[in-house]
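Here is the structure we will look at.
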Amino acid sequence: MKKFNLLSIIEDDATHLFITKKMIEMSGTVENISVYRNGKEAFDGLTATYFLNKTLPEIILLDLNMPIWDGWRFLDEFTKLPIDNKLVIYILTSSNSEEDKIQAEKYNLRQNYLIKPISLNEIKKVLTDLDLNC
Amino acid sequence: MNNKLFHQSELDNRDGLSSCITIAKEKGKDYDILTQIAAQIFDSKLSLLTMHLKQEFIVVSQYSNNINSQKSSTPYCEYLLQENMEMLLIEDLSKDERFQKSFLSSNKPDATFYIGLPLRSEKLGLVGTICVVDNSAKKVTESQIKTFQSVALQVVKLVELHNDAIAIKENNDELIKIAALFNESQRINKTGAWELNLLTGLAFWTDEVYHMHEVPIDEVFEKSKAIDFYHPDDRQIIIDAIDKTVETGEPFDVEARLITAKNNQIWVRSSGKIWKEGNQKVKLIGTFQDITKAKNAEQEILKLLEIAESQNKRLKNFAYIVSHNLRSHAGGISTLINLINYEYPELSKTEFFDYLTKSSVNLTETINHLNDVVQINLLDQETLDNVLLQPIIQNNINSLITEIKDNNITIINEVQPTSAVQAIPAYLDSIVMNLISNAIKYSSKERNSYLKIQSQNIGDFTELKFIDNGLGIDLPNNGNKLFGMYKTFHNNSDSRGIGLFITKNQVESMKGKIEVESEVNIGSTFKIYLKNEKI
């Protein structure tokens, strides 16, 4: 039994999606991965999962720059849902601009801000250190 | 002539009669009929009208028949005035006791008969004298004297009349001169004046207002329709302004476009205020100025500002592309290379893979530099803080201590402990780090190397100097490229040619400047100028 059952990646770029998936697999800490290709798709999918009482992911890796709904819009809408489950969101973006980092602060995600491409060691460290029970 | 001839009080009064010279020169003929009548009253040969100005006698009019010299009368006229007499009558000089022993006896005049009256005006004071002279003795009647007195009165009236006319003419000349100056100054300043009679609706314009409208000065047209000259889009501005001023009494001052009679568009500034007579608002008066040049300059500046803003916007877009898209793609490539390396180790042993890796590393590095540079250029200058120089320099020396020891270079920190500048701490740190590590990197192995760091105040700026005795740079050949991107001048393996480029950008973004002096194999001095701390 691996440490986490389900991790969701919200990412529109095929290359980065491939890389992130590969890294997660190689870290060996996650059982299942679900993928959404933009903020809107993720919101719809996760909302349905929530209301159908299916399994929600324990971790979400969220890209910022995406078509239809970007990462911020997803956060605006998703955080309105009354979810009780332990669920941690990481921003995983190629943007290293101060503006985005300051914006992340507003969602209390300044500490959960990862810059792409993330190395295998980094992702391993994040997933190993993450303890959903504390 | 005796200097104390006249009573001082009368002299003072007569200063007002400055026009008597003009009268004598131009109007003398007007008096000739009066002098002629005066002579005829006494059936005499000579009659003389003189005016007295600053102790001089000016002959205004003279009627003479044989006796032609004023000399014969002047001494008596002087006497008349000197004694402040109402009249001097000498019927027969040879029998007149007053003049037997007086000053006249030694200077015997031609005249035998003399009668003279002072000319006194209420307005002008003592004007002069009128006298009649003959070389034979005469008996004078009361009625002759009366007639002579009324002639004298006529003379005074005529003098007063002429004096008024001359004063009016002088005033008029003065007004013409002032008007000319006024017009000239209006022309130079492109400012005219106007008034609008609120009761009649009639307007008055100065010449310059006509010029601005490009309307001939002699052209007659309905000036209250002046509003029609304004650009249709701006007419309401002027109408509202005038209405408000008439209503509230507050002055107005507006700018609007005007289409001249020749169909040229100009910008004008029109200002006006109420002119009251008693309690009634009678007129609007104001000025009218051509501000086309200033307006055009203003528009030009706005246009430049727009260009600068749009360039800044494009730079921001560019920065965004660099920091997001380029970074993302380059990152993808380098990570994929790592993954291939991990999953297909045998593939990574090929030469192709080696070069691919190197290119990918260079690409990432280039993008990082580009990103730094763009971020520096987007900096908002408001964010400068006061920063003490000394601690920043000491910290950088400390963190480079290994390199300093390895290269056997002495660092002499002579920066004033109180020196502080306006800076972004991170940039200042990066500048100092870059210049110290350059000095280490390019130190000469052939001598005892040193780097001296000094600071001093120069006006509004602090100069921070980095003086080394290292390899130096061939400035005549490379000076213009020194601060360019990807310029290296030495064969050091870790020269990347980005440091000084970034340093220069950072210095300039903090409103400072950087200068260099250098000689090959002697050393380099880098001078950084940053604004003194804000107090």
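Residue numbering restarts at 1 for every chain of the structure tokens, chains are lettered A, B, ... in their displayed order, and ligands are numbered from 1 as they appear.
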Residue hits in chain A, query chain B, radius 12 Å, only C-alpha atoms, as an mmCIF file with N, CA and C atoms, in the first residue's frame:
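That gives us out.cif:
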```
data_model
loop_
_atom_site.group_PDB
_atom_site.id
_atom_site.type_symbol
_atom_site.label_atom_id
_atom_site.label_comp_id
_atom_site.auth_asym_id
_atom_site.auth_seq_id
_atom_site.Cartn_x
_atom_site.Cartn_y
_atom_site.Cartn_z
ATOM 1 N N ASP A 13 -0.507 21.561 -20.424
ATOM 2 C CA ASP A 13 0.636 21.330 -21.311
ATOM 3 C C ASP A 13 1.027 19.854 -21.290
ATOM 4 N N ALA A 14 0.989 19.216 -22.487
ATOM 5 C CA ALA A 14 1.186 17.764 -22.583
ATOM 6 C C ALA A 14 2.570 17.352 -22.088
ATOM 7 N N THR A 15 3.577 18.118 -22.437
ATOM 8 C CA THR A 15 4.936 17.760 -22.030
ATOM 9 C C THR A 15 5.075 17.753 -20.513
ATOM 10 N N HIS A 16 4.588 18.840 -19.902
ATOM 11 C CA HIS A 16 4.708 18.934 -18.445
ATOM 12 C C HIS A 16 3.842 17.901 -17.755
ATOM 13 N N LEU A 17 2.714 17.622 -18.358
ATOM 14 C CA LEU A 17 1.855 16.588 -17.788
ATOM 15 C C LEU A 17 2.600 15.254 -17.768
ATOM 16 N N PHE A 18 3.223 14.950 -18.907
ATOM 17 C CA PHE A 18 4.000 13.718 -19.022
ATOM 18 C C PHE A 18 5.098 13.678 -17.959
ATOM 19 N N ILE A 19 5.816 14.822 -17.837
ATOM 20 C CA ILE A 19 6.932 14.887 -16.885
ATOM 21 C C ILE A 19 6.440 14.709 -15.455
ATOM 22 N N THR A 20 5.397 15.468 -15.119
ATOM 23 C CA THR A 20 4.898 15.399 -13.740
ATOM 24 C C THR A 20 4.427 13.984 -13.398
ATOM 25 N N LYS A 21 3.663 13.386 -14.351
ATOM 26 C CA LYS A 21 3.178 12.015 -14.111
ATOM 27 C C LYS A 21 4.346 11.069 -13.872
ATOM 28 N N LYS A 22 5.349 11.217 -14.736
ATOM 29 C CA LYS A 22 6.527 10.352 -14.661
ATOM 30 C C LYS A 22 7.198 10.483 -13.286
ATOM 31 N N MET A 23 7.352 11.727 -12.859
ATOM 32 C CA MET A 23 8.015 12.006 -11.578
ATOM 33 C C MET A 23 7.247 11.372 -10.425
ATOM 34 N N GLU A 25 5.154 8.888 -10.546
ATOM 35 C CA GLU A 25 5.313 7.429 -10.605
ATOM 36 C C GLU A 25 6.647 7.029 -10.003
ATOM 37 N N MET A 26 7.697 7.749 -10.394
ATOM 38 C CA MET A 26 9.034 7.397 -9.942
ATOM 39 C C MET A 26 9.209 7.608 -8.439
ATOM 40 N N ASP A 63 -1.657 23.746 -12.000
ATOM 41 C CA ASP A 63 -0.951 24.702 -12.867
ATOM 42 C C ASP A 63 -1.693 26.039 -12.803
ATOM 43 N N LEU A 64 -1.018 27.128 -13.109
ATOM 44 C CA LEU A 64 -1.694 28.432 -13.052
ATOM 45 C C LEU A 64 -2.202 28.888 -14.419
ATOM 46 N N ASN A 65 -1.319 28.848 -15.415
ATOM 47 C CA ASN A 65 -1.699 29.344 -16.738
ATOM 48 C C ASN A 65 -2.351 28.245 -17.566
ATOM 49 N N MET A 66 -3.669 28.332 -17.632
ATOM 50 C CA MET A 66 -4.415 27.317 -18.394
ATOM 51 C C MET A 66 -5.565 27.996 -19.120
ATOM 52 N N LEU A 92 1.754 24.232 -9.026
ATOM 53 C CA LEU A 92 2.934 23.759 -9.764
ATOM 54 C C LEU A 92 2.953 24.528 -11.086
ATOM 55 N N THR A 93 3.783 25.559 -11.128
ATOM 56 C CA THR A 93 3.726 26.473 -12.275
ATOM 57 C C THR A 93 5.124 26.790 -12.799
ATOM 58 N N SER A 94 5.172 27.229 -14.055
ATOM 59 C CA SER A 94 6.468 27.645 -14.581
ATOM 60 C C SER A 94 6.745 29.115 -14.256
ATOM 61 N N SER A 95 5.760 29.783 -13.653
ATOM 62 C CA SER A 95 5.959 31.209 -13.347
ATOM 63 C C SER A 95 6.762 31.396 -12.060
ATOM 64 N N ASN A 96 7.853 32.116 -12.168
ATOM 65 C CA ASN A 96 8.592 32.455 -10.939
ATOM 66 C C ASN A 96 8.448 33.937 -10.642
ATOM 67 N N SER A 97 7.374 34.563 -11.170
ATOM 68 C CA SER A 97 7.236 36.012 -10.971
ATOM 69 C C SER A 97 6.687 36.306 -9.574
ATOM 70 N N GLU A 98 7.176 37.407 -9.045
ATOM 71 C CA GLU A 98 6.786 37.833 -7.698
ATOM 72 C C GLU A 98 5.273 38.012 -7.597
ATOM 73 N N GLU A 99 4.711 38.553 -8.679
ATOM 74 C CA GLU A 99 3.280 38.818 -8.709
ATOM 75 C C GLU A 99 2.469 37.565 -8.379
ATOM 76 N N ASP A 100 2.851 36.449 -9.037
ATOM 77 C CA ASP A 100 2.120 35.199 -8.805
ATOM 78 C C ASP A 100 2.344 34.677 -7.389
ATOM 79 N N ILE A 115 7.932 25.379 -8.487
ATOM 80 C CA ILE A 115 8.216 25.905 -9.819
ATOM 81 C C ILE A 115 8.670 24.780 -10.749
ATOM 82 N N LYS A 116 8.016 24.724 -11.923
ATOM 83 C CA LYS A 116 8.331 23.719 -12.929
ATOM 84 C C LYS A 116 9.629 24.065 -13.648
ATOM 85 N N PRO A 117 10.384 23.178 -14.153
ATOM 86 C CA PRO A 117 10.203 21.743 -13.900
ATOM 87 C C PRO A 117 10.737 21.377 -12.521
ATOM 88 N N ILE A 118 10.006 20.517 -11.874
ATOM 89 C CA ILE A 118 10.407 20.130 -10.530
ATOM 90 C C ILE A 118 11.300 18.885 -10.658
ATOM 91 N N SER A 119 12.314 18.818 -9.846
ATOM 92 C CA SER A 119 13.215 17.652 -9.945
ATOM 93 C C SER A 119 12.621 16.482 -9.169
ATOM 94 N N LEU A 120 13.101 15.304 -9.487
ATOM 95 C CA LEU A 120 12.607 14.100 -8.820
ATOM 96 C C LEU A 120 12.829 14.207 -7.309
#
```
Among segment 412-466 of chain B, which ones does DSSP assign to alpha helix (DSSP H) (computed from the backbone)? Answer as a PyMOL selection string. chain B and resi 425-441
Selected residues written out with all heavy atoms, as a tab-separated table (two decimals), in the first residue's frame:
```
chain	number	residue	atom	x	y	z
B	425	PRO	N	18.10	46.77	-2.01
B	425	PRO	CA	19.17	46.03	-1.34
B	425	PRO	C	19.65	44.82	-2.16
B	425	PRO	O	20.87	44.61	-2.28
B	425	PRO	CB	18.51	45.59	-0.04
B	425	PRO	CG	17.44	46.60	0.20
B	425	PRO	CD	16.96	47.04	-1.14
B	426	ALA	N	18.72	44.09	-2.77
B	426	ALA	CA	19.12	42.89	-3.50
B	426	ALA	C	20.00	43.25	-4.70
B	426	ALA	O	20.97	42.54	-5.01
B	426	ALA	CB	17.89	42.14	-3.98
B	427	TYR	N	19.69	44.37	-5.37
B	427	TYR	CA	20.48	44.79	-6.52
B	427	TYR	C	21.87	45.24	-6.08
B	427	TYR	O	22.88	44.91	-6.69
B	427	TYR	CB	19.80	45.94	-7.27
B	427	TYR	CG	18.61	45.52	-8.10
B	427	TYR	CD1	18.17	44.20	-8.08
B	427	TYR	CD2	17.95	46.42	-8.91
B	427	TYR	CE1	17.08	43.81	-8.83
B	427	TYR	CE2	16.87	46.04	-9.68
B	427	TYR	CZ	16.43	44.73	-9.63
B	427	TYR	OH	15.37	44.36	-10.38
B	428	LEU	N	21.89	46.04	-5.02
B	428	LEU	CA	23.17	46.56	-4.54
B	428	LEU	C	24.06	45.37	-4.16
B	428	LEU	O	25.26	45.34	-4.49
B	428	LEU	CB	22.93	47.48	-3.34
B	428	LEU	CG	24.15	48.24	-2.85
B	428	LEU	CD1	24.74	49.08	-3.97
B	428	LEU	CD2	23.81	49.12	-1.67
B	429	ASP	N	23.46	44.41	-3.51
B	429	ASP	CA	24.18	43.20	-3.12
B	429	ASP	C	24.75	42.50	-4.35
B	429	ASP	O	25.92	42.12	-4.38
B	429	ASP	CB	23.18	42.29	-2.39
B	429	ASP	CG	23.89	41.21	-1.60
B	429	ASP	OD1	24.80	41.56	-0.84
B	429	ASP	OD2	23.53	40.03	-1.79
B	430	SER	N	23.91	42.38	-5.38
B	430	SER	CA	24.34	41.69	-6.60
B	430	SER	C	25.45	42.47	-7.32
B	430	SER	O	26.39	41.89	-7.86
B	430	SER	CB	23.11	41.48	-7.49
B	430	SER	OG	23.45	41.56	-8.84
B	431	ILE	N	25.36	43.81	-7.29
B	431	ILE	CA	26.38	44.64	-7.94
B	431	ILE	C	27.72	44.48	-7.24
B	431	ILE	O	28.76	44.25	-7.87
B	431	ILE	CB	25.94	46.13	-7.91
B	431	ILE	CG1	24.74	46.35	-8.82
B	431	ILE	CG2	27.08	47.05	-8.31
B	431	ILE	CD1	23.98	47.63	-8.54
B	432	VAL	N	27.68	44.57	-5.90
B	432	VAL	CA	28.91	44.47	-5.12
B	432	VAL	C	29.53	43.08	-5.30
B	432	VAL	O	30.73	42.94	-5.56
B	432	VAL	CB	28.61	44.75	-3.62
B	432	VAL	CG1	29.81	44.42	-2.75
B	432	VAL	CG2	28.21	46.21	-3.45
B	433	MET	N	28.69	42.06	-5.22
B	433	MET	CA	29.15	40.68	-5.41
B	433	MET	C	29.82	40.53	-6.77
B	433	MET	O	30.91	39.96	-6.89
B	433	MET	CB	27.96	39.72	-5.28
B	433	MET	CG	28.19	38.32	-5.78
B	433	MET	SD	29.37	37.43	-4.76
B	433	MET	CE	28.29	36.61	-3.63
B	434	ASN	N	29.20	41.07	-7.80
B	434	ASN	CA	29.73	40.92	-9.15
B	434	ASN	C	31.06	41.63	-9.31
B	434	ASN	O	32.00	41.08	-9.90
B	434	ASN	CB	28.70	41.46	-10.15
B	434	ASN	CG	29.05	41.10	-11.57
B	434	ASN	OD1	29.63	40.04	-11.83
B	434	ASN	ND2	28.76	42.00	-12.51
B	435	LEU	N	31.16	42.85	-8.77
B	435	LEU	CA	32.40	43.61	-8.95
B	435	LEU	C	33.54	43.01	-8.12
B	435	LEU	O	34.69	42.96	-8.58
B	435	LEU	CB	32.18	45.08	-8.60
B	435	LEU	CG	31.29	45.82	-9.62
B	435	LEU	CD1	31.02	47.24	-9.18
B	435	LEU	CD2	31.94	45.82	-11.01
B	436	ILE	N	33.24	42.52	-6.92
B	436	ILE	CA	34.31	41.87	-6.14
B	436	ILE	C	34.73	40.57	-6.81
B	436	ILE	O	35.93	40.30	-6.98
B	436	ILE	CB	33.85	41.61	-4.68
B	436	ILE	CG1	33.56	42.94	-3.98
B	436	ILE	CG2	34.93	40.85	-3.91
B	436	ILE	CD1	33.06	42.80	-2.55
B	437	SER	N	33.75	39.77	-7.25
B	437	SER	CA	34.17	38.50	-7.86
B	437	SER	C	34.88	38.72	-9.20
B	437	SER	O	35.79	37.96	-9.55
B	437	SER	CB	33.03	37.49	-7.99
B	437	SER	OG	31.84	38.10	-8.32
B	438	ASN	N	34.53	39.79	-9.93
B	438	ASN	CA	35.30	40.12	-11.14
B	438	ASN	C	36.75	40.43	-10.79
B	438	ASN	O	37.68	39.98	-11.47
B	438	ASN	CB	34.69	41.33	-11.85
B	438	ASN	CG	33.60	40.92	-12.83
B	438	ASN	OD1	33.35	39.72	-13.01
B	438	ASN	ND2	32.98	41.90	-13.47
B	439	ALA	N	36.93	41.23	-9.73
B	439	ALA	CA	38.30	41.61	-9.33
B	439	ALA	C	39.10	40.37	-8.96
B	439	ALA	O	40.30	40.27	-9.24
B	439	ALA	CB	38.25	42.59	-8.18
B	440	ILE	N	38.43	39.43	-8.30
B	440	ILE	CA	39.12	38.18	-7.93
B	440	ILE	C	39.43	37.38	-9.20
B	440	ILE	O	40.55	36.92	-9.43
B	440	ILE	CB	38.26	37.34	-6.97
B	440	ILE	CG1	37.98	38.12	-5.69
B	440	ILE	CG2	38.92	35.99	-6.68
B	440	ILE	CD1	36.94	37.48	-4.79
B	441	LYS	N	38.40	37.24	-10.03
B	441	LYS	CA	38.51	36.41	-11.23
B	441	LYS	C	39.60	36.93	-12.17
B	441	LYS	O	40.35	36.16	-12.76
B	441	LYS	CB	37.16	36.44	-11.96
B	441	LYS	CG	36.78	35.13	-12.60
B	441	LYS	CD	35.47	35.27	-13.38
B	441	LYS	CE	34.26	35.37	-12.46
B	441	LYS	NZ	33.02	35.64	-13.25
```
Interatomic distance (Å, one decimal) between atom CA of Ser509 of chain B and atom CA of Leu302 of chain B
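The value is 23.1 Å.
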Looking at only C-alpha atoms, which of B:Asn413, B:Thr141, B:Asn183, B:Ser64 is the one that sits closest to Gln36 of chain B?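 Nearest candidate to Gln36 of chain B out of B:Asn413, B:Thr141, B:Asn183, B:Ser64: B:Ser64.
Of the residues listed (A:Lys3, A:Arg37, A:Lys106, A:Lys80), A:Arg37 shows the shortest atom-to-atom separation from Leu61 of chain A; distances use only C-alpha atoms.
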